[in-house]
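See below for run_0.csv, which holds CSV, C-alpha atoms and all ligand atoms.
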```csv
chain,number,residue,atom,x,y,z
Z,1,MET,CA,0.0,0.0,0.0
Z,2,ALA,CA,1.3,3.5,-0.9
Z,3,GLU,CA,2.5,5.5,2.1
Z,4,PRO,CA,0.2,8.4,3.0
Z,5,ARG,CA,1.4,11.8,1.7
Z,6,ARG,CA,3.2,13.8,4.3
Z,7,ARG,CA,1.7,17.1,5.5
Z,8,VAL,CA,3.1,20.6,5.7
Z,9,TRP,CA,1.6,23.7,7.3
Z,10,VAL,CA,2.1,27.1,5.6
Z,11,SER,CA,1.4,29.5,8.5
Z,12,GLN,CA,0.4,32.6,6.5
Z,13,PRO,CA,-0.9,33.2,2.9
Z,14,LEU,CA,2.2,33.7,0.9
Z,15,PHE,CA,2.5,33.6,-2.9
Z,16,ASP,CA,0.2,30.8,-4.1
Z,17,ASP,CA,2.2,30.1,-7.3
Z,18,ILE,CA,5.4,29.6,-5.4
Z,19,VAL,CA,4.0,27.8,-2.4
Z,20,GLY,CA,2.1,25.6,-4.9
Z,21,ARG,CA,5.5,23.8,-5.5
Z,22,LEU,CA,5.1,22.1,-2.1
Z,23,ALA,CA,1.9,20.4,-3.3
Z,24,VAL,CA,4.0,18.2,-5.7
Z,25,HIS,CA,5.4,16.4,-2.7
Z,26,PHE,CA,3.0,17.1,0.3
Z,27,ASP,CA,-0.5,17.8,1.4
Z,28,VAL,CA,-0.4,21.5,2.1
Z,29,GLY,CA,-2.6,23.4,4.7
Z,30,THR,CA,-2.6,27.2,4.6
Z,31,PRO,CA,-4.9,29.9,5.9
Z,32,SER,CA,-6.9,32.1,3.5
Z,33,ARG,CA,-6.1,35.3,5.4
Z,34,VAL,CA,-3.3,36.7,7.5
Z,35,MET,CA,-3.5,35.1,10.9
Z,36,GLU,CA,-2.3,36.0,14.4
Z,37,TYR,CA,-1.9,32.8,16.3
Z,38,THR,CA,-1.8,32.1,20.0
Z,39,PRO,CA,0.8,29.6,21.2
Z,40,VAL,CA,-1.9,27.0,21.7
Z,41,GLN,CA,-3.1,27.5,18.1
Z,42,ILE,CA,0.5,27.0,16.8
Z,43,ALA,CA,0.9,23.9,18.9
Z,44,ASP,CA,-2.4,22.5,17.4
Z,45,ALA,CA,-1.3,23.4,13.9
Z,46,LEU,CA,2.1,21.6,14.4
Z,47,ARG,CA,0.6,18.5,16.0
Z,48,ASP,CA,0.1,16.5,12.8
Z,49,VAL,CA,2.5,17.9,10.3
Z,50,ASP,CA,5.9,16.9,9.0
Z,51,GLY,CA,7.1,20.4,8.0
Z,52,VAL,CA,6.3,24.1,8.4
Z,53,LEU,CA,6.8,27.2,6.3
Z,54,ALA,CA,6.8,29.9,9.0
Z,55,THR,CA,7.1,33.7,9.1
Z,56,LEU,CA,8.6,35.8,11.9
Z,57,ASN,CA,5.1,36.2,13.4
Z,58,GLU,CA,5.1,32.6,14.6
Z,59,ARG,CA,7.1,31.9,17.7
Z,60,ILE,CA,8.0,28.3,17.9
Z,61,GLY,CA,9.7,26.8,20.9
Z,62,ALA,CA,9.6,23.9,23.3
Z,63,GLU,CA,6.0,24.3,24.2
Z,64,GLU,CA,4.7,24.6,20.7
Z,65,ILE,CA,6.6,21.5,19.5
Z,66,ALA,CA,5.9,19.3,22.5
Z,67,GLY,CA,3.1,17.4,20.8
Z,68,ALA,CA,4.5,17.6,17.3
Z,69,ALA,CA,5.8,14.0,17.0
Z,70,LYS,CA,6.1,14.0,13.2
Z,71,LEU,CA,7.6,17.4,12.8
Z,72,ARG,CA,11.0,17.3,11.0
Z,73,ALA,CA,11.6,20.7,9.5
Z,74,ILE,CA,10.7,24.4,9.8
Z,75,ALA,CA,11.6,26.7,7.0
Z,76,ASN,CA,11.5,30.3,8.2
Z,77,VAL,CA,10.7,33.0,5.6
Z,78,GLY,CA,13.3,35.6,6.7
Z,79,VAL,CA,17.0,35.9,7.4
Z,80,GLY,CA,16.3,36.6,11.1
Z,81,TYR,CA,15.0,33.6,13.1
Z,82,ASN,CA,14.7,34.9,16.6
Z,83,ASN,CA,11.1,33.7,16.4
Z,84,LEU,CA,12.5,30.1,16.6
Z,85,ASP,CA,13.9,28.5,19.7
Z,86,ILE,CA,16.8,26.9,17.9
Z,87,ASP,CA,18.1,24.9,20.9
Z,88,SER,CA,14.7,23.3,21.5
Z,89,LEU,CA,14.3,22.5,17.8
Z,90,THR,CA,17.8,21.0,17.7
Z,91,GLN,CA,17.2,18.8,20.7
Z,92,ALA,CA,14.1,17.5,19.1
Z,93,GLY,CA,15.9,16.8,15.8
Z,94,ILE,CA,13.9,19.3,13.9
Z,95,LEU,CA,15.8,21.1,11.1
Z,96,ALA,CA,15.5,24.9,10.8
Z,97,THR,CA,16.3,27.0,7.8
Z,98,ASN,CA,16.3,30.7,6.9
Z,99,THR,CA,16.5,32.8,3.8
Z,100,PRO,CA,19.8,34.8,3.7
Z,101,ASP,CA,21.4,36.5,0.6
Z,102,VAL,CA,18.2,36.9,-1.5
Z,103,LEU,CA,17.2,40.0,0.6
Z,104,THR,CA,20.6,41.6,1.1
Z,105,GLU,CA,20.5,44.3,-1.5
Z,106,THR,CA,16.9,45.2,-1.1
Z,107,THR,CA,17.3,45.5,2.7
Z,108,ALA,CA,20.5,47.6,2.3
Z,109,ASP,CA,18.6,49.9,-0.2
Z,110,PHE,CA,15.9,50.3,2.4
Z,111,GLY,CA,18.4,51.0,5.2
Z,112,PHE,CA,19.8,53.8,3.2
Z,113,ALA,CA,16.3,55.1,2.2
Z,114,LEU,CA,15.3,55.2,5.9
Z,115,LEU,CA,18.5,56.9,6.8
Z,116,MET,CA,18.0,59.6,4.3
Z,117,ALA,CA,14.3,60.1,5.2
Z,118,THR,CA,15.4,60.4,8.9
Z,119,ALA,CA,18.4,62.7,8.5
Z,120,ARG,CA,16.7,65.0,5.9
Z,121,ARG,CA,13.3,64.9,7.7
Z,122,ILE,CA,11.4,63.8,4.6
Z,123,THR,CA,8.3,62.3,6.2
Z,124,GLU,CA,8.1,64.9,8.9
Z,125,SER,CA,8.2,67.7,6.3
Z,126,GLU,CA,5.7,66.0,4.1
Z,127,ARG,CA,3.2,65.7,7.0
Z,128,TRP,CA,3.8,69.4,7.8
Z,129,LEU,CA,3.1,70.4,4.2
Z,130,ARG,CA,-0.1,68.2,4.0
Z,131,GLU,CA,-1.3,69.8,7.2
Z,132,GLY,CA,-1.3,73.1,5.3
Z,133,ARG,CA,1.4,74.6,7.5
Z,134,TRP,CA,3.6,75.7,4.7
Z,135,THR,CA,2.6,79.3,4.3
Z,136,GLN,CA,5.9,80.8,3.1
Z,137,TRP,CA,9.3,79.4,2.1
Z,138,SER,CA,11.7,80.1,4.9
Z,139,PHE,CA,15.4,79.7,5.0
Z,140,ASP,CA,15.6,77.8,8.3
Z,141,SER,CA,12.7,75.4,8.2
Z,142,MET,CA,13.1,71.6,8.4
Z,143,LEU,CA,16.8,71.8,8.5
Z,144,GLY,CA,18.4,68.3,8.6
Z,145,ALA,CA,21.7,66.6,8.7
Z,146,ASP,CA,23.9,65.8,5.7
Z,147,LEU,CA,24.8,62.3,4.7
Z,148,HIS,CA,27.7,63.2,2.4
Z,149,GLY,CA,30.9,63.7,4.2
Z,150,SER,CA,29.5,62.4,7.5
Z,151,THR,CA,30.5,59.4,9.6
Z,152,LEU,CA,28.3,56.4,9.2
Z,153,GLY,CA,28.4,53.8,12.0
Z,154,ILE,CA,27.2,50.3,11.2
Z,155,LEU,CA,26.5,48.0,14.1
Z,156,GLY,CA,26.5,44.4,12.7
Z,157,MET,CA,28.6,44.0,9.6
Z,158,GLY,CA,27.1,40.9,8.0
Z,159,ARG,CA,26.0,40.8,4.4
Z,160,ILE,CA,23.4,43.6,4.8
Z,161,GLY,CA,25.8,45.8,6.8
Z,162,GLN,CA,28.4,45.4,4.0
Z,163,GLY,CA,25.8,46.3,1.4
Z,164,ILE,CA,25.1,49.5,3.3
Z,165,ALA,CA,28.8,50.3,3.5
Z,166,HIS,CA,29.1,49.9,-0.2
Z,167,ARG,CA,26.3,52.4,-0.7
Z,168,ALA,CA,27.9,54.8,1.7
Z,169,SER,CA,31.0,55.1,-0.3
Z,170,GLY,CA,28.9,56.6,-3.1
Z,171,PHE,CA,27.9,59.4,-0.6
Z,172,ASN,CA,31.5,59.9,0.3
Z,173,MET,CA,30.9,58.9,3.9
Z,174,ARG,CA,33.4,57.7,6.4
Z,175,VAL,CA,32.3,54.2,7.5
Z,176,LEU,CA,33.0,52.8,10.9
Z,177,TYR,CA,31.7,49.4,12.0
Z,178,HIS,CA,31.5,47.2,15.0
Z,179,ASN,CA,30.8,43.5,14.8
Z,180,ARG,CA,31.2,40.4,17.0
Z,181,SER,CA,34.2,39.5,14.9
Z,182,ARG,CA,36.4,41.7,12.8
Z,183,LEU,CA,36.1,41.3,9.0
Z,184,PRO,CA,39.1,40.1,6.9
Z,185,THR,CA,41.3,43.0,5.8
Z,186,ASP,CA,40.3,42.6,2.1
Z,187,THR,CA,36.6,42.8,3.0
Z,188,GLU,CA,37.2,45.9,5.1
Z,189,HIS,CA,39.0,47.5,2.2
Z,190,ALA,CA,36.3,46.5,-0.3
Z,191,CYS,CA,33.7,48.1,2.1
Z,192,ARG,CA,36.1,51.1,2.9
Z,193,ALA,CA,35.1,50.5,6.5
Z,194,GLU,CA,37.2,50.8,9.7
Z,195,TYR,CA,36.7,48.5,12.6
Z,196,VAL,CA,36.1,50.2,16.0
Z,197,ASP,CA,34.9,49.1,19.4
Z,198,LEU,CA,31.3,49.8,20.3
Z,199,ASP,CA,32.0,52.8,22.4
Z,200,ARG,CA,33.9,54.5,19.6
Z,201,LEU,CA,31.2,53.7,17.2
Z,202,LEU,CA,28.6,55.3,19.5
Z,203,VAL,CA,30.7,58.4,20.2
Z,204,GLN,CA,31.9,59.1,16.6
Z,205,SER,CA,28.9,58.2,14.4
Z,206,ASP,CA,26.9,61.0,12.9
Z,207,HIS,CA,24.4,58.3,11.8
Z,208,LEU,CA,24.2,54.9,13.4
Z,209,LEU,CA,22.6,52.0,11.6
Z,210,LEU,CA,21.7,48.8,13.4
Z,211,VAL,CA,21.9,45.6,11.3
Z,212,LEU,CA,22.9,43.0,13.9
Z,213,PRO,CA,21.0,39.8,14.8
Z,214,TYR,CA,18.8,40.0,17.8
Z,215,SER,CA,19.7,37.6,20.7
Z,216,PRO,CA,19.7,37.6,24.5
Z,217,GLN,CA,23.3,39.1,24.1
Z,218,SER,CA,22.1,42.0,21.9
Z,219,HIS,CA,18.9,42.7,23.8
Z,220,HIS,CA,18.7,46.5,24.4
Z,221,ILE,CA,22.2,46.9,23.2
Z,222,ILE,CA,21.1,50.5,22.6
Z,223,ASP,CA,20.0,51.5,26.0
Z,224,ALA,CA,20.0,54.8,27.9
Z,225,ALA,CA,23.8,54.5,28.6
Z,226,ALA,CA,24.6,53.8,24.9
Z,227,LEU,CA,22.3,56.7,23.8
Z,228,ALA,CA,24.1,59.0,26.2
Z,229,LYS,CA,27.3,58.3,24.4
Z,230,MET,CA,25.9,59.3,21.0
Z,231,LYS,CA,26.2,62.8,19.5
Z,232,PRO,CA,23.1,64.9,20.2
Z,233,THR,CA,23.0,65.7,16.5
Z,234,ALA,CA,23.1,62.0,15.5
Z,235,THR,CA,20.5,59.9,13.8
Z,236,LEU,CA,19.8,56.3,14.8
Z,237,VAL,CA,18.3,53.8,12.3
Z,238,ASN,CA,17.1,50.3,13.1
Z,239,ILE,CA,16.3,47.8,10.3
Z,240,ALA,CA,17.1,44.6,12.3
Z,241,ARG,CA,14.9,43.8,15.3
Z,242,GLY,CA,13.1,46.1,17.7
Z,243,GLY,CA,14.5,44.4,20.8
Z,244,LEU,CA,17.9,45.8,20.1
Z,245,ILE,CA,16.7,49.2,21.4
Z,246,ASP,CA,15.3,50.2,24.8
Z,247,GLU,CA,12.5,52.1,23.1
Z,248,LEU,CA,11.4,54.1,26.1
Z,249,ALA,CA,15.0,55.3,26.7
Z,250,LEU,CA,15.1,56.2,23.0
Z,251,ALA,CA,11.9,58.2,23.2
Z,252,GLN,CA,13.2,60.1,26.2
Z,253,ALA,CA,16.5,60.9,24.5
Z,254,LEU,CA,14.6,62.1,21.3
Z,255,ALA,CA,12.2,64.2,23.3
Z,256,ALA,CA,14.9,65.8,25.4
Z,257,GLY,CA,17.0,66.7,22.3
Z,258,ARG,CA,19.8,64.3,23.3
Z,259,LEU,CA,19.5,62.6,19.9
Z,260,ALA,CA,18.4,64.3,16.7
Z,261,ALA,CA,16.2,61.7,15.1
Z,262,ALA,CA,15.5,58.0,14.7
Z,263,GLY,CA,14.3,55.9,11.8
Z,264,LEU,CA,12.7,52.6,12.9
Z,265,ASP,CA,11.4,49.8,10.7
Z,266,VAL,CA,11.2,47.3,13.6
Z,267,PHE,CA,9.7,47.4,17.1
Z,268,GLU,CA,10.0,45.4,20.2
Z,269,GLY,CA,6.3,44.7,20.5
Z,270,GLU,CA,5.4,44.9,16.8
Z,271,PRO,CA,2.9,45.4,15.4
Z,272,ALA,CA,2.3,47.6,18.5
Z,273,VAL,CA,4.5,50.7,18.5
Z,274,CYS,CA,5.6,52.3,21.8
Z,275,PRO,CA,3.2,55.2,22.3
Z,276,GLU,CA,6.0,57.5,23.4
Z,277,LEU,CA,7.7,57.0,20.0
Z,278,LEU,CA,4.4,57.6,18.1
Z,279,ALA,CA,4.0,60.9,19.8
Z,280,LEU,CA,7.3,62.3,18.5
Z,281,ARG,CA,7.8,64.3,15.3
Z,282,ASN,CA,11.5,63.4,14.9
Z,283,VAL,CA,11.0,59.6,14.3
Z,284,VAL,CA,10.3,58.0,11.0
Z,285,LEU,CA,8.3,54.8,11.5
Z,286,THR,CA,7.8,52.1,8.9
Z,287,PRO,CA,6.0,48.7,9.4
Z,288,HIS,CA,8.9,46.2,9.0
Z,289,ILE,CA,9.3,46.5,5.3
Z,290,ALA,CA,13.0,46.6,4.7
Z,291,SER,CA,13.0,43.4,2.6
Z,292,GLY,CA,9.7,44.3,1.1
Z,293,SER,CA,10.2,44.6,-2.6
Z,294,LEU,CA,7.9,42.3,-4.6
Z,295,ALA,CA,10.8,40.5,-6.3
Z,296,THR,CA,12.7,40.0,-3.0
Z,297,ARG,CA,9.7,38.8,-1.0
Z,298,ARG,CA,9.0,36.3,-3.8
Z,299,ALA,CA,12.6,35.2,-3.8
Z,300,MET,CA,12.4,34.7,0.0
Z,301,VAL,CA,9.3,32.5,-0.2
Z,302,SER,CA,10.9,30.6,-3.1
Z,303,LEU,CA,14.0,29.9,-1.1
Z,304,ALA,CA,12.0,28.9,2.0
Z,305,VAL,CA,10.0,26.4,-0.2
Z,306,ASP,CA,13.3,25.0,-1.6
Z,307,ASN,CA,14.6,24.6,1.9
Z,308,LEU,CA,11.5,22.8,3.2
Z,309,ILE,CA,11.4,20.4,0.2
Z,310,ALA,CA,15.1,19.6,0.6
Z,311,ALA,CA,14.9,19.3,4.4
Z,312,LEU,CA,12.1,16.8,4.1
Z,313,GLY,CA,14.2,14.7,1.7
Z,314,GLU,CA,12.6,15.6,-1.6
Z,315,GLY,CA,13.4,17.4,-4.8
Z,316,PRO,CA,16.8,18.0,-6.5
Z,317,ALA,CA,18.5,19.1,-3.3
Z,318,ALA,CA,17.0,16.3,-1.2
Z,319,GLY,CA,19.0,16.0,2.0
Z,320,ASN,CA,20.8,19.3,1.5
Z,321,PRO,CA,18.6,22.2,2.5
Z,322,PRO,CA,20.6,25.2,1.2
Z,323,ASN,CA,20.2,27.3,4.4
Z,324,LEU,CA,20.3,24.9,7.3
Z,325,ILE,CA,20.8,26.8,10.6
Z,326,ASN,CA,21.1,23.9,13.0
Z,327,GLY,CA,23.2,21.1,11.5
Z,328,ASP,CA,23.3,19.5,15.0
Z,329,ALA,CA,19.6,18.6,14.6
Z,330,LEU,CA,20.6,16.0,12.1
Z,331,ARG,CA,22.7,14.2,14.7
Z,332,ALA,CA,19.9,14.6,17.3
Z,333,ALA,CA,17.4,13.1,14.9
Z,334,VAL,CA,19.5,10.0,14.4
Z,335,LEU,CA,20.0,9.6,18.2
Z,336,ILE,CA,16.4,9.9,19.0
Z,337,GLY,CA,15.5,7.7,16.1
Z,338,ASN,CA,13.2,10.1,14.2
Z,339,ALA,CA,15.4,11.0,11.3
Z,340,GLY,CA,12.7,9.6,8.9
Z,341,LYS,CA,12.8,11.1,5.5
Z,342,THR,CA,14.8,14.2,6.4
Z,343,ALA,CA,18.2,15.6,5.3
Z,344,ILE,CA,19.5,12.5,7.0
Z,345,LYS,CA,19.2,10.8,3.6
Z,346,ARG,CA,22.6,12.2,2.7
R,401,LIG,C1,14.1,39.1,7.9
R,401,LIG,O1,14.3,38.5,6.9
R,401,LIG,O2,14.6,38.8,9.0
R,401,LIG,C2,13.2,40.3,7.9
R,401,LIG,O3,13.2,41.0,9.1
R,401,LIG,C3,11.8,39.9,7.5
R,401,LIG,O4,11.8,40.2,6.1
```
If you convert what's in this file into structure tokens, what do you get?
Ligand code: DGY
Amino acid sequence: MAEPRRRVWVSQPLFDDIVGRLAVHFDVGTPSRVMEYTPVQIADALRDVDGVLATLNERIGAEEIAGAAKLRAIANVGVGYNNLDIDSLTQAGILATNTPDVLTETTADFGFALLMATARRITESERWLREGRWTQWSFDSMLGADLHGSTLGILGMGRIGQGIAHRASGFNMRVLYHNRSRLPTDTEHACRAEYVDLDRLLVQSDHLLLVLPYSPQSHHIIDAAALAKMKPTATLVNIARGGLIDELALAQALAAGRLAAAGLDVFEGEPAVCPELLALRNVVLTPHIASGSLATRRAMVSLAVDNLIAALGEGPAAGNPPNLINGDALRAAVLIGNAGKTAIKR
């Protein structure tokens, strides 16, 4: 008798034509509208599936996978994966993948756009104009800060950080960076970027861009003490994860004129935005869209689909999901005897 088809859960409506590729191999369950799940609903959805295509909205950890006996792989649509408890997944022998590279340039473009909008007060002045407050051209209204010739600090110098550094050289900016590990010299030269410690980055940057992964170690890396080290004329831009910043401390610094402006694409409690930030005029707020060009979002979904198919041991890359995060899960799967039809096939 033929084996029953395996099942995958696609947690949100994505691009039907791309997600449809999963149906060649699996039975696919997907909601018809954007969903906000409780942990219990996620646990229920995982109970009877072999694989998941998840977005950053779905937090999946020990509790959610406790009853998911068949679950072998989770493909996250996104480069960041702080919504997944990787240690718990690894212990349970569940493979996790993400979608790096395909979003690098689009996200770097957006980081630069948000920086420009923030430093040159573009959205603030547009709001002011629409409110009918522009009654006469005046020499000193809406004055902002230059990008060209200024010092750009990049905190987190992975692929996206490097993409931003490349863009900065076209603006004749001096680029400083701080990263967990220093880049090889030839990469530093290619980015025209100078490695500094975190304090120097805070003190010397005219504009500071956050592009580092969020983790317990980087939680609130920009807190009141860090903000106090920055120039009062500086701008701060975050396109990584909201939890990197103590938002209340940021709102207080902005309100008190201890920092000129902030551009934020991500928020600690998103989609909720800290009311103290909403109340300020010198903050540009966008709804987590840094990777949001149509082409890139499609490429992310496509890569996640490839990862899931491969992680469940099917398709041309069977057994070799291109973006496996937790290689140790393979060993754990063998030890606990649930390797089944996963990347273990290799
Ligand atoms: C990512 O990829 O981590 C983004 O934040 C979501 O597009």
Within 8 Å of region 282-294 of chain Z, which residues of region 109-131 of chain Z show up? Give each one with its shortest atom-to-atom distance in Å (one decimal) and the two atoms involved, counting only C-alpha atoms, rows by chain then rising residue number, as JSON lines.
```
{"residue": "Z:Phe110", "atom": "CA", "partner": "Z:Ala290", "partner_atom": "CA", "distance": 5.2}
{"residue": "Z:Gly111", "atom": "CA", "partner": "Z:Ala290", "partner_atom": "CA", "distance": 7.0}
{"residue": "Z:Leu114", "atom": "CA", "partner": "Z:Val284", "partner_atom": "CA", "distance": 7.7}
{"residue": "Z:Ala117", "atom": "CA", "partner": "Z:Val284", "partner_atom": "CA", "distance": 7.4}
{"residue": "Z:Thr118", "atom": "CA", "partner": "Z:Val284", "partner_atom": "CA", "distance": 6.0}
{"residue": "Z:Arg121", "atom": "CA", "partner": "Z:Asn282", "partner_atom": "CA", "distance": 7.6}
{"residue": "Z:Thr123", "atom": "CA", "partner": "Z:Val284", "partner_atom": "CA", "distance": 6.7}
{"residue": "Z:Glu124", "atom": "CA", "partner": "Z:Asn282", "partner_atom": "CA", "distance": 7.1}
```
Based on the selection just made, write C-alpha atoms of those residues as a PDB file, keeping the file's coordinate frame.
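So the final result, stored in again32.pdb, reads:
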```
ATOM      1  CA  PHE Z 110      15.900  50.300   2.400  1.00  0.00           C
ATOM      2  CA  GLY Z 111      18.400  51.000   5.200  1.00  0.00           C
ATOM      3  CA  LEU Z 114      15.300  55.200   5.900  1.00  0.00           C
ATOM      4  CA  ALA Z 117      14.300  60.100   5.200  1.00  0.00           C
ATOM      5  CA  THR Z 118      15.400  60.400   8.900  1.00  0.00           C
ATOM      6  CA  ARG Z 121      13.300  64.900   7.700  1.00  0.00           C
ATOM      7  CA  THR Z 123       8.300  62.300   6.200  1.00  0.00           C
ATOM      8  CA  GLU Z 124       8.100  64.900   8.900  1.00  0.00           C
TER       9      GLU Z 124
END
```
Please indicate the distance in Å from CA of Leu308 (chain Z) to CA of Asn320 (chain Z), rounded to one decimal place.
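About the pair CA of Leu308 (chain Z) and CA of Asn320 (chain Z): they are 10.1 Å apart.
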Set the cut-off to 12 Å, count all atoms listed in the file, and list whatever residues fall near ligand LIG 401 (chain R) as number ranges by chain.
Z: 54-57, 76-84, 97-108, 110-111, 160, 211-214, 238-242, 265-267, 270, 287-294, 296-301, 303-304
CA of Val28 (chain Z) and CA of Leu53 (chain Z), how far apart in Å?
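Going from CA of Leu53 (chain Z) over to CA of Val28 (chain Z), I get 10.1 Å.
Coordinates place CA of Ser215 (chain Z) at a distance of 28.2 Å from CA of Arg174 (chain Z).
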Could you name the residues that touch Leu248 (chain Z) at 10 Å or less, counting all atoms listed in the file, but leaving out those on the same chain fewer than 6 positions away, as a ChimeraX atom specification?
/Z:223-224,254,274-277
Which of these, Z:Lys70, Z:Arg159, Z:Lys229, Z:Arg200, has the shortest distance to His178 (chain Z) once you count only C-alpha atoms?
Z:Arg200
Which of these residues is nearest to His220 (chain Z), using only C-alpha atoms: Z:Asp197, Z:Asp206, Z:Glu188, Z:Glu268?
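Closest candidate: Z:Glu268.
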May I have the residues within 12 Å of His166 (chain Z) as an MDAnalysis selection string, using only C-alpha atoms and disregarding those fewer than 3 positions away in the same chain?
chainID Z and resid 104:105 108:109 112 152 154 157 159:163 169:175 187:193
Would you mind telling me which residue in Z:Val52, Z:Leu95, Z:Val196, Z:Val305 lies nearest to Leu22 (chain Z) when using all atoms listed in the file?
Z:Val305
Go through Z:Gly144, Z:Thr30, Z:Leu198, Z:Arg127 one by one, measure the shortest atom-to-atom distance of each to Phe15 (chain Z) using all atoms listed in the file, and give the residue with the smallest value.
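Closest residue, counting all atoms listed in the file: Z:Thr30.
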Starting from the block above, write region 69-75 of chain Z out to a file with all heavy atoms, as a PDB file, in the first residue's frame, please.
```
ATOM      1  N   ALA Z  69       4.916  15.234  17.134  1.00  0.00           N
ATOM      2  CA  ALA Z  69       5.762  14.036  17.020  1.00  0.00           C
ATOM      3  C   ALA Z  69       6.320  13.834  15.616  1.00  0.00           C
ATOM      4  O   ALA Z  69       7.396  13.261  15.443  1.00  0.00           O
ATOM      5  CB  ALA Z  69       4.961  12.822  17.456  1.00  0.00           C
ATOM      6  N   LYS Z  70       5.603  14.285  14.607  1.00  0.00           N
ATOM      7  CA  LYS Z  70       6.069  14.015  13.234  1.00  0.00           C
ATOM      8  C   LYS Z  70       6.943  15.131  12.666  1.00  0.00           C
ATOM      9  O   LYS Z  70       7.546  14.970  11.615  1.00  0.00           O
ATOM     10  CB  LYS Z  70       4.845  13.848  12.315  1.00  0.00           C
ATOM     11  CG  LYS Z  70       3.991  12.638  12.682  1.00  0.00           C
ATOM     12  CD  LYS Z  70       3.111  12.155  11.545  1.00  0.00           C
ATOM     13  CE  LYS Z  70       2.155  13.195  11.063  1.00  0.00           C
ATOM     14  NZ  LYS Z  70       1.205  12.744  10.061  1.00  0.00           N
ATOM     15  N   LEU Z  71       6.973  16.258  13.353  1.00  0.00           N
ATOM     16  CA  LEU Z  71       7.613  17.448  12.770  1.00  0.00           C
ATOM     17  C   LEU Z  71       9.114  17.239  12.563  1.00  0.00           C
ATOM     18  O   LEU Z  71       9.834  16.875  13.490  1.00  0.00           O
ATOM     19  CB  LEU Z  71       7.374  18.658  13.690  1.00  0.00           C
ATOM     20  CG  LEU Z  71       7.834  20.021  13.164  1.00  0.00           C
ATOM     21  CD1 LEU Z  71       7.119  20.369  11.862  1.00  0.00           C
ATOM     22  CD2 LEU Z  71       7.574  21.107  14.211  1.00  0.00           C
ATOM     23  N   ARG Z  72       9.569  17.464  11.319  1.00  0.00           N
ATOM     24  CA  ARG Z  72      10.990  17.257  10.997  1.00  0.00           C
ATOM     25  C   ARG Z  72      11.691  18.531  10.544  1.00  0.00           C
ATOM     26  O   ARG Z  72      12.916  18.604  10.583  1.00  0.00           O
ATOM     27  CB  ARG Z  72      11.139  16.224   9.873  1.00  0.00           C
ATOM     28  CG  ARG Z  72      10.623  14.848  10.201  1.00  0.00           C
ATOM     29  CD  ARG Z  72      11.513  14.166  11.247  1.00  0.00           C
ATOM     30  NE  ARG Z  72      10.914  12.912  11.678  1.00  0.00           N
ATOM     31  CZ  ARG Z  72      10.117  12.813  12.741  1.00  0.00           C
ATOM     32  NH1 ARG Z  72       9.855  13.864  13.481  1.00  0.00           N
ATOM     33  NH2 ARG Z  72       9.585  11.655  13.070  1.00  0.00           N
ATOM     34  N   ALA Z  73      10.923  19.525  10.040  1.00  0.00           N
ATOM     35  CA  ALA Z  73      11.617  20.698   9.480  1.00  0.00           C
ATOM     36  C   ALA Z  73      10.750  21.945   9.555  1.00  0.00           C
ATOM     37  O   ALA Z  73       9.537  21.883   9.339  1.00  0.00           O
ATOM     38  CB  ALA Z  73      11.988  20.416   8.024  1.00  0.00           C
ATOM     39  N   ILE Z  74      11.409  23.071   9.869  1.00  0.00           N
ATOM     40  CA  ILE Z  74      10.732  24.378   9.838  1.00  0.00           C
ATOM     41  C   ILE Z  74      11.554  25.292   8.932  1.00  0.00           C
ATOM     42  O   ILE Z  74      12.742  25.530   9.185  1.00  0.00           O
ATOM     43  CB  ILE Z  74      10.643  25.008  11.243  1.00  0.00           C
ATOM     44  CG1 ILE Z  74       9.854  24.082  12.179  1.00  0.00           C
ATOM     45  CG2 ILE Z  74       9.996  26.387  11.169  1.00  0.00           C
ATOM     46  CD1 ILE Z  74       9.743  24.585  13.604  1.00  0.00           C
ATOM     47  N   ALA Z  75      10.918  25.770   7.877  1.00  0.00           N
ATOM     48  CA  ALA Z  75      11.602  26.712   6.978  1.00  0.00           C
ATOM     49  C   ALA Z  75      11.063  28.104   7.279  1.00  0.00           C
ATOM     50  O   ALA Z  75       9.882  28.376   7.064  1.00  0.00           O
ATOM     51  CB  ALA Z  75      11.340  26.322   5.523  1.00  0.00           C
TER      52      ALA Z  75
END
```
